[in-house]
Amino acid sequence: MDKMTDEQLIDRVRQGHSDAYRVLVERHKSYIYTLVYRMVPHKETAEDLTQEVFVKLFRSLAHFRGDAKFTTWLYRMTTNLVTDFRRSQKRKPYEALLDKMKGWFTDAREQPEEMAMRKDEQERMQALLSELPDKYRLIMYLFHYKQLSYQEMSEVTGLPMKTLETRLYRGKAMLKEKWLEVNAHDSQTSGRHTAHAIPK
């Protein structure tokens, strides 16, 4: 059963085979949790929302028609659910978000080779990424971390490709500006003038 495609597993779930649903969850829960955690950087909340995603998935499988890839459909369901959750919550203080932000671009199994950095630079980048507005942070995550195409990102987020291009461009510009500010501050306070790499 582990070798079945997502679509084959869905057919078995619809036929009442609970083991097929368990395989489907095991196959995708790690990435779904990671996606949720990027949007809500709090471990316990991300875990709860991930469980909610799969509860909703089970109830919604009857509506999956196969017009898009199952993963795209699932990712869009996830982003919609988390977006609704965030709208229902008051914004947390920046300090709390920064303290809980972890893991950006640090999974060696999925991380693009060209994005690899030294540990101290990774920590800097994690902190700076957490400061970006959500709408830019999510797009940069989907594009750089998961390497989704514009078409796939459009299907996941429901945004037109022109909007995605604009947000990706502005997100990169904001990240570069923050990177330069931090490095300039470090150079002034430490007295050192060692140049740090600038994100492309």
# chains A, B, ... in the order shown; residues from 1 in each chain; ligands from 1
$ closest_atom_pairs --of "stretch 59-93 of chain A" --to "stretch 134-153 of chain A" --cutoff "10 Å" --atoms "only C-alpha atoms" --output "JSON lines"
{"residue": "A:Ala68", "atom": "CA", "partner": "A:Glu152", "partner_atom": "CA", "distance": 9.3}
{"residue": "A:Lys69", "atom": "CA", "partner": "A:Glu152", "partner_atom": "CA", "distance": 9.3}
{"residue": "A:Thr71", "atom": "CA", "partner": "A:Glu152", "partner_atom": "CA", "distance": 9.9}
{"residue": "A:Thr72", "atom": "CA", "partner": "A:Glu152", "partner_atom": "CA", "distance": 6.9}
{"residue": "A:Trp73", "atom": "CA", "partner": "A:Glu152", "partner_atom": "CA", "distance": 9.9}
{"residue": "A:Tyr75", "atom": "CA", "partner": "A:Met153", "partner_atom": "CA", "distance": 9.6}
{"residue": "A:Arg76", "atom": "CA", "partner": "A:Met153", "partner_atom": "CA", "distance": 9.0}
{"residue": "A:Thr79", "atom": "CA", "partner": "A:Leu138", "partner_atom": "CA", "distance": 9.3}
{"residue": "A:Thr83", "atom": "CA", "partner": "A:Asp134", "partner_atom": "CA", "distance": 9.8}
$ closest_residue --among "A:Phe54, A:Ser154, A:Phe64, A:Asp19" --to "A:Tyr33" --atoms "only C-alpha atoms"
A:Phe54
$ residues_around --residues "A:Tyr31" --least-positions-apart "6" --cutoff "12 Å" --atoms "only C-alpha atoms" --output "mmCIF file with C-alpha atoms, in the first residue's frame"
data_model
loop_
_atom_site.group_PDB
_atom_site.id
_atom_site.type_symbol
_atom_site.label_atom_id
_atom_site.label_comp_id
_atom_site.auth_asym_id
_atom_site.auth_seq_id
_atom_site.Cartn_x
_atom_site.Cartn_y
_atom_site.Cartn_z
ATOM 1 C CA VAL A 25 -1.319 11.006 6.407
ATOM 2 C CA TYR A 37 4.939 26.128 11.066
ATOM 3 C CA ARG A 38 6.262 28.590 8.489
ATOM 4 C CA ALA A 46 1.384 24.237 14.418
ATOM 5 C CA GLU A 47 0.855 20.687 15.676
ATOM 6 C CA THR A 50 -1.706 20.133 11.313
ATOM 7 C CA VAL A 53 -5.787 19.905 8.374
ATOM 8 C CA THR A 71 -0.524 17.744 -3.162
ATOM 9 C CA LEU A 74 -3.842 19.649 0.018
ATOM 10 C CA TYR A 75 -1.383 22.557 0.272
ATOM 11 C CA THR A 78 -3.649 23.990 4.447
ATOM 12 C CA ASP A 107 16.449 20.840 6.056
ATOM 13 C CA ARG A 109 17.172 16.822 2.486
ATOM 14 C CA GLU A 110 15.110 19.522 0.783
ATOM 15 C CA LEU A 142 7.097 28.114 -1.454
ATOM 16 C CA TYR A 145 12.288 26.078 -0.053
ATOM 17 C CA LYS A 146 9.772 23.906 -1.944
#
$ atom_distance --atom1 "atom CA of A:Leu57" --atom2 "atom CA of A:His42"
22.1 Å
$ closest_residue --among "A:Met1, A:Met77, A:Ala62, A:Met39" --to "A:Pro133" --atoms "only C-alpha atoms"
A:Met39
$ select_by_dssp --residues "stretch 119-149 of chain A" --states "helix (DSSP H, G or I)" --output "number ranges by chain"
A: 119-131, 134-145
